[in-house]
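Text of the file structure_18.csv, holding CSV, C-alpha atoms:
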chain,number,residue,atom,x,y,z
A,1,MET,CA,82.3,94.4,14.9
A,2,ALA,CA,80.7,91.6,16.9
A,3,ARG,CA,81.2,89.3,13.9
A,4,ALA,CA,84.9,90.3,13.8
A,5,GLY,CA,85.0,89.6,17.5
A,6,GLU,CA,83.6,86.1,17.0
A,7,VAL,CA,86.5,85.3,14.7
A,8,LEU,CA,88.9,86.8,17.1
A,9,VAL,CA,87.7,84.8,20.1
A,10,ALA,CA,87.8,81.6,18.1
A,11,THR,CA,91.4,82.5,17.1
A,12,LEU,CA,92.4,82.9,20.7
A,13,ASP,CA,90.7,79.6,21.6
A,14,MET,CA,92.7,77.9,18.8
A,15,LEU,CA,96.0,79.4,19.9
A,16,GLU,CA,95.3,78.4,23.6
A,17,ASP,CA,95.3,74.8,22.5
A,18,LYS,CA,98.7,75.2,20.8
A,19,ILE,CA,100.5,77.0,23.7
A,20,ARG,CA,102.9,74.5,25.1
A,21,PRO,CA,106.7,74.2,25.7
A,22,GLY,CA,108.6,74.0,22.5
A,23,VAL,CA,106.2,75.9,20.3
A,24,SER,CA,107.6,78.9,18.6
A,25,THR,CA,105.9,82.3,18.4
A,26,ALA,CA,106.3,82.1,14.6
A,27,GLU,CA,104.3,78.9,14.6
A,28,LEU,CA,101.5,80.5,16.6
A,29,ASP,CA,101.5,83.4,14.2
A,30,ALA,CA,101.2,81.2,11.1
A,31,ALA,CA,98.3,79.2,12.7
A,32,ALA,CA,96.5,82.5,13.5
A,33,GLU,CA,96.8,83.9,10.0
A,34,ARG,CA,95.5,80.7,8.4
A,35,PHE,CA,92.6,80.5,10.8
A,36,ILE,CA,91.6,84.2,10.5
A,37,ARG,CA,91.7,84.1,6.7
A,38,SER,CA,89.7,80.8,6.6
A,39,HIS,CA,86.8,82.8,8.1
A,40,GLY,CA,86.9,85.4,5.4
A,41,ALA,CA,88.6,88.0,7.6
A,42,THR,CA,92.0,89.5,7.6
A,43,PRO,CA,94.6,89.9,10.4
A,44,SER,CA,94.4,93.6,11.3
A,45,PHE,CA,98.0,93.8,12.5
A,46,LYS,CA,99.7,92.4,9.4
A,47,GLY,CA,101.3,95.3,7.6
A,48,TYR,CA,99.9,97.9,10.0
A,49,ARG,CA,102.6,100.6,10.1
A,50,GLY,CA,105.0,97.9,8.8
A,51,PHE,CA,104.3,95.3,11.5
A,52,PRO,CA,105.3,91.9,10.0
A,53,GLY,CA,103.1,89.6,12.0
A,54,SER,CA,99.5,88.6,12.2
A,55,ILE,CA,99.5,88.6,16.0
A,56,CYS,CA,101.7,90.2,18.7
A,57,ALA,CA,103.3,87.5,20.8
A,58,SER,CA,105.1,88.9,23.9
A,59,PRO,CA,106.6,86.5,26.4
A,60,ASN,CA,107.6,87.2,30.0
A,61,ALA,CA,109.0,90.7,30.5
A,62,MET,CA,107.9,91.7,27.0
A,63,VAL,CA,104.7,93.7,27.5
A,64,VAL,CA,103.3,94.3,24.0
A,65,HIS,CA,104.1,94.3,20.3
A,66,GLY,CA,106.3,91.3,20.2
A,67,ILE,CA,107.1,90.2,16.6
A,68,PRO,CA,106.6,86.5,16.2
A,69,GLY,CA,109.8,84.6,15.5
A,70,SER,CA,112.1,81.9,16.7
A,71,TYR,CA,111.4,82.1,20.4
A,72,ARG,CA,110.2,78.8,21.7
A,73,LEU,CA,108.0,78.7,24.8
A,74,ARG,CA,109.3,77.1,28.0
A,75,ALA,CA,107.5,75.7,31.0
A,76,GLY,CA,106.9,78.6,33.5
A,77,ASP,CA,106.7,81.3,30.8
A,78,VAL,CA,103.8,83.6,30.3
A,79,ILE,CA,102.9,84.7,26.8
A,80,SER,CA,100.7,87.7,25.9
A,81,ILE,CA,98.8,87.2,22.6
A,82,ASP,CA,97.2,90.3,21.1
A,83,VAL,CA,95.0,89.8,18.0
A,84,GLY,CA,93.3,92.1,15.7
A,85,VAL,CA,90.6,91.0,13.1
A,86,THR,CA,89.1,93.0,10.3
A,87,LEU,CA,85.8,91.7,8.8
A,88,ASP,CA,83.6,93.6,6.4
A,89,GLY,CA,85.6,96.8,7.1
A,90,TRP,CA,85.2,96.6,10.9
A,91,VAL,CA,87.9,95.9,13.4
A,92,ALA,CA,88.0,94.0,16.7
A,93,ASP,CA,91.0,93.8,19.1
A,94,ALA,CA,91.6,91.7,22.1
A,95,ALA,CA,94.5,90.2,24.1
A,96,ARG,CA,95.1,87.5,26.7
A,97,THR,CA,98.1,86.5,28.7
A,98,PHE,CA,98.5,82.7,29.0
A,99,PRO,CA,100.6,80.7,31.4
A,100,VAL,CA,102.8,77.9,29.9
A,101,CYS,CA,102.3,75.0,32.3
A,102,GLU,CA,102.8,75.9,36.0
A,103,ILE,CA,103.7,79.5,37.0
A,104,ASP,CA,104.8,80.8,40.4
A,105,ALA,CA,102.6,82.6,42.8
A,106,ARG,CA,103.9,86.1,42.0
A,107,VAL,CA,103.2,85.6,38.3
A,108,GLN,CA,99.8,84.1,39.0
A,109,ASN,CA,98.9,87.2,41.0
A,110,LEU,CA,100.0,89.3,38.1
A,111,LEU,CA,97.7,87.5,35.7
A,112,SER,CA,94.8,87.4,38.1
A,113,ALA,CA,94.9,91.0,39.1
A,114,THR,CA,95.5,92.3,35.6
A,115,ARG,CA,92.5,90.3,34.5
A,116,ALA,CA,90.4,91.6,37.4
A,117,SER,CA,91.4,95.2,36.6
A,118,LEU,CA,90.0,94.7,33.1
A,119,ASP,CA,86.7,93.6,34.5
A,120,ALA,CA,86.6,96.6,36.8
A,121,GLY,CA,87.2,99.0,33.8
A,122,VAL,CA,84.6,97.3,31.7
A,123,GLU,CA,82.0,97.8,34.5
A,124,GLN,CA,82.5,101.5,34.2
A,125,CYS,CA,81.9,101.5,30.4
A,126,LEU,CA,78.5,103.1,30.9
A,127,ALA,CA,76.8,105.9,28.9
A,128,GLY,CA,77.1,109.0,31.0
A,129,ASN,CA,80.2,108.0,32.8
A,130,ARG,CA,83.5,109.7,32.2
A,131,LEU,CA,86.6,108.1,30.7
A,132,GLY,CA,88.4,108.7,34.0
A,133,ASP,CA,85.9,106.3,35.7
A,134,VAL,CA,87.1,103.5,33.5
A,135,SER,CA,90.8,104.4,34.0
A,136,SER,CA,90.6,104.9,37.7
A,137,ALA,CA,88.8,101.6,38.2
A,138,ILE,CA,91.6,99.7,36.4
A,139,GLN,CA,94.3,101.5,38.4
A,140,ARG,CA,92.6,100.9,41.8
A,141,VAL,CA,92.3,97.1,41.3
A,142,ALA,CA,95.8,96.7,39.8
A,143,GLU,CA,97.7,98.8,42.4
A,144,GLY,CA,95.6,97.3,45.2
A,145,ALA,CA,97.1,94.0,44.2
A,146,GLY,CA,100.7,95.3,44.2
A,147,LEU,CA,101.0,95.7,40.4
A,148,SER,CA,102.5,98.7,38.5
A,149,VAL,CA,100.5,100.4,35.8
A,150,ILE,CA,102.5,101.1,32.7
A,151,ARG,CA,101.5,104.7,32.0
A,152,SER,CA,103.0,105.1,28.6
A,153,LEU,CA,100.8,102.4,27.1
A,154,VAL,CA,97.1,102.9,26.7
A,155,GLY,CA,93.9,101.5,25.2
A,156,HIS,CA,92.0,103.3,22.4
A,157,GLY,CA,88.8,103.9,20.5
A,158,ILE,CA,88.2,101.4,17.7
A,159,GLY,CA,85.8,101.0,14.7
A,160,ARG,CA,86.6,101.2,11.0
A,161,ASN,CA,90.2,101.8,12.1
A,162,MET,CA,92.4,100.0,14.6
A,163,HIS,CA,93.3,103.1,16.6
A,164,GLU,CA,90.7,105.9,17.0
A,165,ASP,CA,90.0,108.5,19.6
A,166,PRO,CA,89.9,108.5,22.6
A,167,GLN,CA,93.0,107.1,24.2
A,168,VAL,CA,92.1,105.0,27.2
A,169,PRO,CA,94.7,105.2,30.0
A,170,ASN,CA,94.9,102.6,32.7
A,171,TYR,CA,95.2,105.2,35.4
A,172,GLY,CA,93.2,108.4,36.1
A,173,ARG,CA,90.7,110.2,38.3
A,174,PRO,CA,87.0,109.4,38.4
A,175,GLY,CA,84.7,112.0,37.0
A,176,LYS,CA,87.4,113.3,34.6
A,177,GLY,CA,87.8,113.1,30.9
A,178,PRO,CA,85.4,112.8,28.0
A,179,ARG,CA,81.9,111.6,28.6
A,180,LEU,CA,81.1,108.1,27.4
A,181,GLU,CA,78.2,108.0,24.9
A,182,GLU,CA,76.0,105.3,23.5
A,183,GLY,CA,77.6,104.0,20.2
A,184,MET,CA,81.2,104.5,21.3
A,185,VAL,CA,83.5,101.4,21.2
A,186,LEU,CA,86.7,101.2,23.2
A,187,ALA,CA,89.6,98.8,23.3
A,188,VAL,CA,90.1,98.5,27.1
A,189,GLU,CA,93.5,96.9,27.7
A,190,PRO,CA,95.3,96.9,31.1
A,191,MET,CA,99.1,96.4,30.8
A,192,MET,CA,100.8,95.7,34.1
A,193,THR,CA,104.1,94.5,35.5
A,194,ALA,CA,104.9,92.7,38.7
A,195,GLY,CA,107.8,95.1,39.3
A,196,ARG,CA,108.3,98.7,38.4
A,197,ALA,CA,106.3,100.7,35.8
A,198,GLY,CA,109.2,101.7,33.6
A,199,VAL,CA,109.5,100.2,30.1
A,200,ARG,CA,112.1,100.2,27.3
A,201,ALA,CA,111.8,99.7,23.6
A,202,ALA,CA,113.6,96.9,21.7
A,203,ALA,CA,116.0,97.5,18.9
A,204,ASP,CA,113.4,96.3,16.4
A,205,GLY,CA,111.3,99.4,17.1
A,206,TRP,CA,108.3,97.4,18.1
A,207,ALA,CA,108.6,95.3,21.3
A,208,ILE,CA,108.2,97.0,24.6
A,209,PHE,CA,109.8,95.4,27.7
A,210,SER,CA,109.5,96.1,31.4
A,211,GLN,CA,112.7,98.0,32.2
A,212,ASP,CA,113.5,96.0,35.3
A,213,GLY,CA,112.9,92.6,33.6
A,214,SER,CA,109.8,91.9,35.7
A,215,PRO,CA,107.0,89.8,34.1
A,216,ALA,CA,104.2,91.6,32.4
A,217,ALA,CA,100.6,90.9,31.6
A,218,HIS,CA,98.1,92.2,29.0
A,219,PHE,CA,94.4,91.6,28.9
A,220,GLU,CA,92.0,93.3,26.5
A,221,PHE,CA,88.4,93.5,25.4
A,222,THR,CA,86.7,95.4,22.7
A,223,VAL,CA,83.7,97.0,24.5
A,224,ALA,CA,80.7,98.8,23.0
A,225,ILE,CA,78.8,101.5,25.1
A,226,THR,CA,75.1,100.6,24.8
A,227,ALA,CA,71.9,101.8,26.4
A,228,GLU,CA,71.8,98.4,28.2
A,229,GLY,CA,75.3,98.7,29.5
A,230,PRO,CA,78.7,97.5,28.3
A,231,ARG,CA,78.7,95.0,25.5
A,232,ILE,CA,81.9,93.0,25.2
A,233,LEU,CA,82.4,92.3,21.5
A,234,THR,CA,85.3,89.9,22.0
A,235,PRO,CA,83.9,87.7,24.8
A,236,TRP,CA,86.8,85.3,25.3
A,237,HIS,CA,85.9,85.2,29.0
A,238,LEU,CA,82.7,83.2,28.4
A,239,PRO,CA,82.7,79.5,28.9
A,240,PRO,CA,83.4,77.7,25.6
A,241,SER,CA,79.8,76.5,25.3
A,242,GLU,CA,78.5,80.1,25.5
A,243,ARG,CA,80.9,81.7,23.0
A,244,PRO,CA,79.5,82.6,19.6
A,245,ARG,CA,81.1,80.6,16.8
A,246,PRO,CA,81.9,82.3,13.5
A,247,ALA,CA,80.7,80.7,10.3
A,248,ILE,CA,83.4,79.6,7.8
A,249,ARG,CA,83.4,82.1,5.0
A,250,GLU,CA,85.1,82.6,1.7
A,251,PRO,CA,88.7,83.7,2.3
A,252,ALA,CA,89.1,87.5,2.3
A,253,GLU,CA,91.4,87.7,-0.6
A,254,THR,CA,89.2,85.5,-2.8
A,255,ALA,CA,86.1,87.4,-1.8
A,256,ALA,CA,87.7,90.7,-2.6
A,257,SER,CA,88.8,89.6,-6.0
A,258,ALA,CA,85.3,88.3,-6.7
A,259,GLY,CA,84.0,91.7,-5.6
Re-express the file's structure as structure tokens.
Amino acid sequence: MARAGEVLVATLDMLEDKIRPGVSTAELDAAAERFIRSHGATPSFKGYRGFPGSICASPNAMVVHGIPGSYRLRAGDVISIDVGVTLDGWVADAARTFPVCEIDARVQNLLSATRASLDAGVEQCLAGNRLGDVSSAIQRVAEGAGLSVIRSLVGHGIGRNMHEDPQVPNYGRPGKGPRLEEGMVLAVEPMMTAGRAGVRAAADGWAIFSQDGSPAAHFEFTVAITAEGPRILTPWHLPPSERPRPAIREPAETAASAG
């Protein structure tokens, strides 16, 4: 999973360099697919329950599950990019919300506080803690900064499959829920709005928007519970010089056929 995470982090780095006004979300998707496959991995989202893209690209009031398409980024936008990578049968999942040029103070607070809530949740990913310790830490930081927690969207366990038990809400009570055990891996992913918490589904059956049109943010790590504490398997937060770099491998489809 850590090796899948290396490919994923490198994919996000590559996409960050391409995020600028005028770029379409379809162009970002195509670049991500080429990059992931060039490392012998596959984009986990492509074809998952019929999803057509290799990434989820969700601008502004779109919270998650945006299908890449003709939308072109504009200065002042934010864009949430969610990526899944499967390598050697193991899955990693992570997301970041990127500003497009300068953003206003309200939106900057949204991004900063959602990111801080992720850190607070990860700090509680300790063997012996309860899942509610993770969820309540996220909620406390986000709501303390004036954000609304989207309660209908949650994180999840992850491993051989993209979505495994348990669900990881972004709200809860400390000391409640399943006990965290060494060897568990969680996709911890705060999803917040700068307005109200209500959401609505798009006609395409995938995209989720804030109901009041307020901007949304989404940050995610894949986190392993270890005896030494939480291990982030998708460490996009590290300085570029400290991020592990994946080796170029035979493309996944060629490797499979050589099998």
* **CA of Gly132 (chain A) to CA of Gly155 (chain A), straight-line distance in Å** =>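 Atom-to-atom, CA of Gly155 (chain A) and CA of Gly132 (chain A) are spaced 12.6 Å apart.
Distance check against Glu33 (chain A) using all atoms listed in the file: of A:Pro166, A:Pro174, A:Gly213, A:Pro68, the minimum falls on A:Pro68.
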Considering only C-alpha atoms, tabulate each residue of region 155-216 of chain A that lies at most 10 Å from region 55-65 of chain A along with its nearest interatomic pair and the corresponding distance in Å to one decimal; arrange the rows by chain and ascending residue number and present them as a Markdown table.
| residue | atom | partner | partner_atom | distance |
| --- | --- | --- | --- | --- |
| A:Met191 | CA | A:Val63 | CA | 7.0 |
| A:Met192 | CA | A:Val63 | CA | 7.9 |
| A:Thr193 | CA | A:Ala61 | CA | 8.0 |
| A:Ala194 | CA | A:Ala61 | CA | 9.4 |
| A:Gly195 | CA | A:Ala61 | CA | 9.9 |
| A:Val199 | CA | A:Val63 | CA | 8.5 |
| A:Arg200 | CA | A:Met62 | CA | 9.5 |
| A:Ala201 | CA | A:Met62 | CA | 9.5 |
| A:Ala202 | CA | A:Met62 | CA | 9.4 |
| A:Gly205 | CA | A:His65 | CA | 9.4 |
| A:Trp206 | CA | A:His65 | CA | 5.7 |
| A:Ala207 | CA | A:His65 | CA | 4.7 |
| A:Ile208 | CA | A:Val63 | CA | 5.6 |
| A:Phe209 | CA | A:Met62 | CA | 4.2 |
| A:Ser210 | CA | A:Ala61 | CA | 5.5 |
| A:Gln211 | CA | A:Ala61 | CA | 8.4 |
| A:Asp212 | CA | A:Ala61 | CA | 8.4 |
| A:Gly213 | CA | A:Ala61 | CA | 5.3 |
| A:Ser214 | CA | A:Ala61 | CA | 5.4 |
| A:Pro215 | CA | A:Ala61 | CA | 4.2 |
| A:Ala216 | CA | A:Ala61 | CA | 5.2 |
* **Option closest in space to Pro230 (chain A), from A:Gly50, A:Gly177, A:Gly40, A:Gly183 [counting only C-alpha atoms]** => A:Gly183
* Asked: Hey, which of A:Gly89, A:Gly121, A:Pro99, A:Gly84 ends up closest to Pro21 (chain A)? Count only C-alpha atoms.
  ->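 Checking each candidate against Pro21 (chain A), we get A:Pro99 as the closest.
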* **Nearby residues, (88.8, 102.7, 31.9) file frame, 7 Å, all atoms listed in the file, as a ChimeraX atom specification** => /A:121-122,124,131-138,168-170,188
Skip Ala75 (chain A) itself and residues of its chain fewer than 3 positions away, then list as a PDB file with C-alpha atoms, in the coordinates of the input all residues within 12 Å of it, counting all atoms listed in the file.
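Now in selection_13.pdb:
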ATOM      1  CA  ILE A  19     100.500  77.000  23.700  1.00  0.00           C
ATOM      2  CA  ARG A  20     102.900  74.500  25.100  1.00  0.00           C
ATOM      3  CA  PRO A  21     106.700  74.200  25.700  1.00  0.00           C
ATOM      4  CA  GLY A  22     108.600  74.000  22.500  1.00  0.00           C
ATOM      5  CA  VAL A  23     106.200  75.900  20.300  1.00  0.00           C
ATOM      6  CA  PRO A  59     106.600  86.500  26.400  1.00  0.00           C
ATOM      7  CA  ASN A  60     107.600  87.200  30.000  1.00  0.00           C
ATOM      8  CA  ARG A  72     110.200  78.800  21.700  1.00  0.00           C
ATOM      9  CA  VAL A  78     103.800  83.600  30.300  1.00  0.00           C
ATOM     10  CA  ILE A  79     102.900  84.700  26.800  1.00  0.00           C
ATOM     11  CA  PHE A  98      98.500  82.700  29.000  1.00  0.00           C
ATOM     12  CA  PRO A  99     100.600  80.700  31.400  1.00  0.00           C
ATOM     13  CA  VAL A 100     102.800  77.900  29.900  1.00  0.00           C
ATOM     14  CA  CYS A 101     102.300  75.000  32.300  1.00  0.00           C
ATOM     15  CA  GLU A 102     102.800  75.900  36.000  1.00  0.00           C
ATOM     16  CA  ILE A 103     103.700  79.500  37.000  1.00  0.00           C
ATOM     17  CA  ASP A 104     104.800  80.800  40.400  1.00  0.00           C
TER      18      ASP A 104
END
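Near Ala127 (chain A), within 12 Å and counting only C-alpha atoms, sit Val122, Glu123, Gln124, Cys125, Asn129, Arg130, Leu131, Asp133, Val134, Pro178, Arg179, Leu180, Glu181, Glu182, Gly183, Met184, Val185, Ala224, Ile225, Thr226, Ala227, Glu228, Gly229, Pro230 and Arg231 of chain A, not including residues fewer than 2 positions from it in the same chain.
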* **Spatial neighbours of Val83 (chain A), 8 Å, only C-alpha atoms, chain gap at least 4 places, as a list in words** =>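 My list of contacting residues is Leu8, Leu12, Pro43, Ser44, Phe45, Ser54, Ile55, Cys56, Asp93, Ala94 and Ala95 of chain A.
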Those same residues - C-alpha atoms - I'd like them written as an mmCIF file, keeping the file's coordinate frame.
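The file below, selection.cif, is the result:
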data_model
loop_
_atom_site.group_PDB
_atom_site.id
_atom_site.type_symbol
_atom_site.label_atom_id
_atom_site.label_comp_id
_atom_site.auth_asym_id
_atom_site.auth_seq_id
_atom_site.Cartn_x
_atom_site.Cartn_y
_atom_site.Cartn_z
ATOM 1 C CA LEU A 8 88.900 86.800 17.100
ATOM 2 C CA LEU A 12 92.400 82.900 20.700
ATOM 3 C CA PRO A 43 94.600 89.900 10.400
ATOM 4 C CA SER A 44 94.400 93.600 11.300
ATOM 5 C CA PHE A 45 98.000 93.800 12.500
ATOM 6 C CA SER A 54 99.500 88.600 12.200
ATOM 7 C CA ILE A 55 99.500 88.600 16.000
ATOM 8 C CA CYS A 56 101.700 90.200 18.700
ATOM 9 C CA ASP A 93 91.000 93.800 19.100
ATOM 10 C CA ALA A 94 91.600 91.700 22.100
ATOM 11 C CA ALA A 95 94.500 90.200 24.100
#
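Between CA of Ser152 (chain A) and CA of Ala120 (chain A) the interatomic distance comes to 20.2 Å.
For the point (88.3, 93.6, 18.8), the residues with an atom at a distance of at most 6 Å are A:Gly5, A:Val91, A:Ala92, A:Asp93, A:Ala94, A:Thr222, A:Thr234, counting all atoms listed in the file.
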* **Nearest-residue call for Ala142 (chain A), choices A:Ala203, A:Tyr71, A:Ala217, A:Ala187, using only C-alpha atoms** =>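 Among the listed residues, the smallest separation from Ala142 (chain A) belongs to A:Ala217.
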* To do: Identify which of the residues A:Ala32, A:Ile150, A:Met1, A:Leu238 lies closest to Leu186 (chain A), counting all atoms listed in the file when measuring atom-to-atom distances.
  => A:Met1
* Asked: Expressed in Å to a single decimal, how great is the separation between CA of Leu110 (chain A) and CA of Asp165 (chain A)?
  ->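 Those two atoms sit 28.5 Å apart.
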